[in-house]
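What follows is one structure encoded as structure tokens, with my remarks underneath.
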Amino acid sequence: AADGKTLLCTGGDGYLSVWNRRNGKLLAMSDQMEDEFLSVAIIKGGKKVVCGTQSGNLSIFSWGQWGDMSDRFVGHPQSVESLVKVDEDTLCTCSEDGIIRVISVHPNKLLGVIGEHAGAPVEHIAVSYDCQYMASCSHDNTVKFWDVGYLYSDDGEEDEDEEEGESDTDAAGAASGDVEMEEEEAQNRKGKKGKKGLKSTDAAADFYADM
């Protein structure tokens, strides 16, 4: 957990356990479920805990209310072996059916598919430190790497920032152009005035040149 001292554990016995990792004490335990818990992830700013199960359902617990699940996400046809958090609302899942999916929780929706291992069960998924690649290992004796950087990038915000930057640049350019035109007009006016005095200046220069 984010506090650095709480550890959540799931197991085939159907329990979700909460431990103090510093002193090794059991803090809480869920009721025994009729399903095996295979994976776990914390989302919604630490308010929700999602457990992948043998049946393919995702059991959702509210933090601090460990007795029974508060919600269930149905949709995976086979067991959910591993979970990876994308953000506070989004998870990646890998399943025994060989497919790696992207889902949202509350609202519970399938968002898309990252890839698959051609029907071979996927045991585990993990994301690189820079959140650009995901590795998946499967019963087909392969480890595959997937480009998932788009899941973690804020393209929408960047586009808005770019548009704002372009509009600011255009406005600044227009203002700069107006200033340059004003300066050019001022210089032209000075040039016209200076041309009348230029002869006297040249004459004075010629006068002193003979001395």
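Ligands are numbered from 1 in the order shown, residues from 1 within each chain, and chains are lettered A, B, ... in the order they appear in the structure tokens.
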
message: Env of Trp63 in chain A: 6 Å cut, atoms = only C-alpha atoms, seq-sep filter 2 positions within chain, self excluded. Answer as a ChimeraX atom specification.
response: /A:47-48,65

- request: Run DSSP on the backbone and grab whatever in range 23-148 of chain A lands in strand (DSSP E); send it over as a ChimeraX atom specification.
  value: /A:25-29,37-43,48-53,58-62,71-73,80-85,90-95,99-104,109-116,122-127,133-138,143-147

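You will find CA of Ser59 in chain A at 27.8 Å from CA of Asp140 in chain A.
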
task: Name all residues at most 8 Å from Glu36 in chain A (count only C-alpha atoms; drop same-chain ones fewer than 3 positions away) and give them as a VMD selection string.
output: chain A and resid 11 to 15 33 53 to 55

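Picture a line from CA of Val80 in chain A to CA of Lys109 in chain A; it runs 15.4 Å.
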
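Reported to one decimal place, the separation of CA of Ile99 in chain A from CA of Val113 in chain A is 7.2 Å.
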
Residue contacts of Leu83 in chain A (10 Å, only C-alpha atoms) excluding same-chain residues fewer than 5 positions away, as an mmCIF file with N, CA, C and O atoms, in the first residue's frame:
data_model
loop_
_atom_site.group_PDB
_atom_site.id
_atom_site.type_symbol
_atom_site.label_atom_id
_atom_site.label_comp_id
_atom_site.auth_asym_id
_atom_site.auth_seq_id
_atom_site.Cartn_x
_atom_site.Cartn_y
_atom_site.Cartn_z
ATOM 1 N N LEU A 38 -6.151 -14.772 -7.149
ATOM 2 C CA LEU A 38 -4.870 -14.993 -7.817
ATOM 3 C C LEU A 38 -4.009 -13.738 -7.939
ATOM 4 O O LEU A 38 -2.800 -13.831 -8.140
ATOM 5 N N SER A 39 -4.620 -12.569 -7.874
ATOM 6 C CA SER A 39 -3.887 -11.313 -8.090
ATOM 7 C C SER A 39 -4.605 -10.191 -7.354
ATOM 8 O O SER A 39 -5.783 -10.318 -7.001
ATOM 9 N N VAL A 40 -3.893 -9.070 -7.172
ATOM 10 C CA VAL A 40 -4.478 -7.960 -6.414
ATOM 11 C C VAL A 40 -3.872 -6.638 -6.869
ATOM 12 O O VAL A 40 -2.705 -6.582 -7.276
ATOM 13 N N ALA A 41 -4.675 -5.563 -6.829
ATOM 14 C CA ALA A 41 -4.206 -4.213 -7.159
ATOM 15 C C ALA A 41 -5.023 -3.208 -6.365
ATOM 16 O O ALA A 41 -6.211 -3.433 -6.071
ATOM 17 N N ILE A 42 -4.381 -2.096 -6.019
ATOM 18 C CA ILE A 42 -5.033 -1.024 -5.264
ATOM 19 C C ILE A 42 -5.262 0.156 -6.198
ATOM 20 O O ILE A 42 -4.330 0.617 -6.866
ATOM 21 N N VAL A 50 -8.816 -4.455 -5.896
ATOM 22 C CA VAL A 50 -9.352 -5.362 -6.917
ATOM 23 C C VAL A 50 -8.569 -6.672 -6.868
ATOM 24 O O VAL A 50 -7.339 -6.669 -6.887
ATOM 25 N N CYS A 51 -9.310 -7.788 -6.825
ATOM 26 C CA CYS A 51 -8.687 -9.107 -6.799
ATOM 27 C C CYS A 51 -9.110 -9.907 -8.018
ATOM 28 O O CYS A 51 -10.309 -10.028 -8.308
ATOM 29 N N GLY A 52 -8.136 -10.456 -8.749
ATOM 30 C CA GLY A 52 -8.430 -11.358 -9.849
ATOM 31 C C GLY A 52 -8.676 -12.754 -9.319
ATOM 32 O O GLY A 52 -8.021 -13.195 -8.371
ATOM 33 N N LEU A 91 -6.944 -0.611 -15.228
ATOM 34 C CA LEU A 91 -6.068 -1.748 -14.977
ATOM 35 C C LEU A 91 -5.817 -2.510 -16.271
ATOM 36 O O LEU A 91 -6.659 -2.507 -17.180
ATOM 37 N N CYS A 92 -4.668 -3.181 -16.331
ATOM 38 C CA CYS A 92 -4.415 -4.185 -17.357
ATOM 39 C C CYS A 92 -4.536 -5.554 -16.696
ATOM 40 O O CYS A 92 -4.085 -5.742 -15.555
ATOM 41 N N THR A 93 -5.140 -6.492 -17.392
ATOM 42 C CA THR A 93 -5.315 -7.836 -16.861
ATOM 43 C C THR A 93 -4.768 -8.852 -17.859
ATOM 44 O O THR A 93 -4.787 -8.629 -19.070
ATOM 45 N N CYS A 94 -4.266 -9.962 -17.342
ATOM 46 C CA CYS A 94 -3.917 -11.082 -18.212
ATOM 47 C C CYS A 94 -4.669 -12.304 -17.718
ATOM 48 O O CYS A 94 -4.915 -12.471 -16.521
ATOM 49 N N SER A 95 -5.037 -13.154 -18.669
ATOM 50 C CA SER A 95 -5.967 -14.227 -18.349
ATOM 51 C C SER A 95 -5.494 -15.561 -18.892
ATOM 52 O O SER A 95 -4.596 -15.646 -19.741
ATOM 53 N N ILE A 100 -4.468 -10.161 -23.138
ATOM 54 C CA ILE A 100 -4.126 -9.067 -22.216
ATOM 55 C C ILE A 100 -5.083 -7.920 -22.508
ATOM 56 O O ILE A 100 -5.121 -7.395 -23.616
ATOM 57 N N ARG A 101 -5.857 -7.544 -21.517
ATOM 58 C CA ARG A 101 -6.918 -6.553 -21.696
ATOM 59 C C ARG A 101 -6.643 -5.282 -20.900
ATOM 60 O O ARG A 101 -5.874 -5.281 -19.939
ATOM 61 N N VAL A 102 -7.326 -4.208 -21.316
ATOM 62 C CA VAL A 102 -7.341 -2.949 -20.559
ATOM 63 C C VAL A 102 -8.779 -2.715 -20.126
ATOM 64 O O VAL A 102 -9.699 -2.735 -20.955
ATOM 65 N N HIS A 124 1.757 -13.873 -16.120
ATOM 66 C CA HIS A 124 2.142 -12.643 -15.421
ATOM 67 C C HIS A 124 2.414 -11.524 -16.421
ATOM 68 O O HIS A 124 2.873 -11.779 -17.538
ATOM 69 N N ILE A 125 2.119 -10.294 -16.012
ATOM 70 C CA ILE A 125 2.463 -9.105 -16.791
ATOM 71 C C ILE A 125 3.136 -8.099 -15.862
ATOM 72 O O ILE A 125 2.842 -8.039 -14.667
ATOM 73 N N ALA A 126 4.047 -7.315 -16.431
ATOM 74 C CA ALA A 126 4.742 -6.279 -15.666
ATOM 75 C C ALA A 126 5.112 -5.148 -16.610
ATOM 76 O O ALA A 126 5.344 -5.366 -17.800
#

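Considering only range 53-175 of chain A, backbone DSSP assigns alpha helix (DSSP H) to Gly149, Tyr150, Leu151, Tyr152, Asp155, Gly156, Glu157, Glu158, Asp159, Glu160, Asp161, Glu162, Glu163, Glu164, Gly165, Glu166, Ser167, Asp168, Thr169, Asp170, Ala171, Ala172, Gly173, Ala174 and Ala175 of chain A.
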
Pull C-alpha atoms from the residues just selected and write them as a PDB file, in the first residue's frame.
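Printed below is again_9.pdb as written:
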ATOM      1  CA  GLY A 149       3.372   4.060 -23.624  1.00  0.00           C
ATOM      2  CA  TYR A 150       0.126   5.419 -25.054  1.00  0.00           C
ATOM      3  CA  LEU A 151      -1.725   4.170 -21.968  1.00  0.00           C
ATOM      4  CA  TYR A 152       0.381   6.349 -19.677  1.00  0.00           C
ATOM      5  CA  ASP A 155      -1.939  13.233 -25.168  1.00  0.00           C
ATOM      6  CA  GLY A 156      -5.097  15.220 -24.630  1.00  0.00           C
ATOM      7  CA  GLU A 157      -3.472  17.627 -22.211  1.00  0.00           C
ATOM      8  CA  GLU A 158      -0.396  17.936 -24.416  1.00  0.00           C
ATOM      9  CA  ASP A 159      -2.562  18.754 -27.434  1.00  0.00           C
ATOM     10  CA  GLU A 160      -4.423  21.402 -25.445  1.00  0.00           C
ATOM     11  CA  ASP A 161      -1.132  22.867 -24.233  1.00  0.00           C
ATOM     12  CA  GLU A 162       0.204  22.884 -27.800  1.00  0.00           C
ATOM     13  CA  GLU A 163      -2.931  24.605 -29.088  1.00  0.00           C
ATOM     14  CA  GLU A 164      -2.731  27.197 -26.330  1.00  0.00           C
ATOM     15  CA  GLY A 165       0.961  27.651 -27.055  1.00  0.00           C
ATOM     16  CA  GLU A 166       0.282  28.116 -30.763  1.00  0.00           C
ATOM     17  CA  SER A 167      -2.457  30.678 -30.110  1.00  0.00           C
ATOM     18  CA  ASP A 168      -0.199  32.532 -27.683  1.00  0.00           C
ATOM     19  CA  THR A 169       2.593  32.451 -30.254  1.00  0.00           C
ATOM     20  CA  ASP A 170       0.283  33.733 -32.971  1.00  0.00           C
ATOM     21  CA  ALA A 171      -0.929  36.538 -30.720  1.00  0.00           C
ATOM     22  CA  ALA A 172       2.626  37.381 -29.729  1.00  0.00           C
ATOM     23  CA  GLY A 173       3.680  37.269 -33.386  1.00  0.00           C
ATOM     24  CA  ALA A 174       0.862  39.592 -34.391  1.00  0.00           C
ATOM     25  CA  ALA A 175       1.732  41.999 -31.595  1.00  0.00           C
TER      26      ALA A 175
END

query: If you count only C-alpha atoms, which residues fall within 8 Å of Ser138 in chain A, apart from same-chain ones fewer than 2 positions away, as a list in words?
result: Gly98, His117, Ala120, Pro121, Val122, Glu123, His124, Ser136, Asp140, Asn141, Thr142 and Val143 of chain A

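By chain and then residue number, the residues within 9 Å of Phe73 in chain A are Gly56, Asn57, Leu58, Ser59, Ile60, Val105, Asn108 and Lys109 of chain A, counting only C-alpha atoms and disregarding those fewer than 5 positions away in sequence.
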
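When only C-alpha atoms are used to compute distances to Asp68 in chain A, the closest of the residues A:Ile103, A:Val49, A:Trp19, A:Leu27 turns out to be A:Val49.
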
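Excluding Gly4 in chain A and any residue on its chain fewer than 6 positions from it, the residues at most 10 Å away by only C-alpha atoms are Asn20, Arg21 and Arg22 of chain A.
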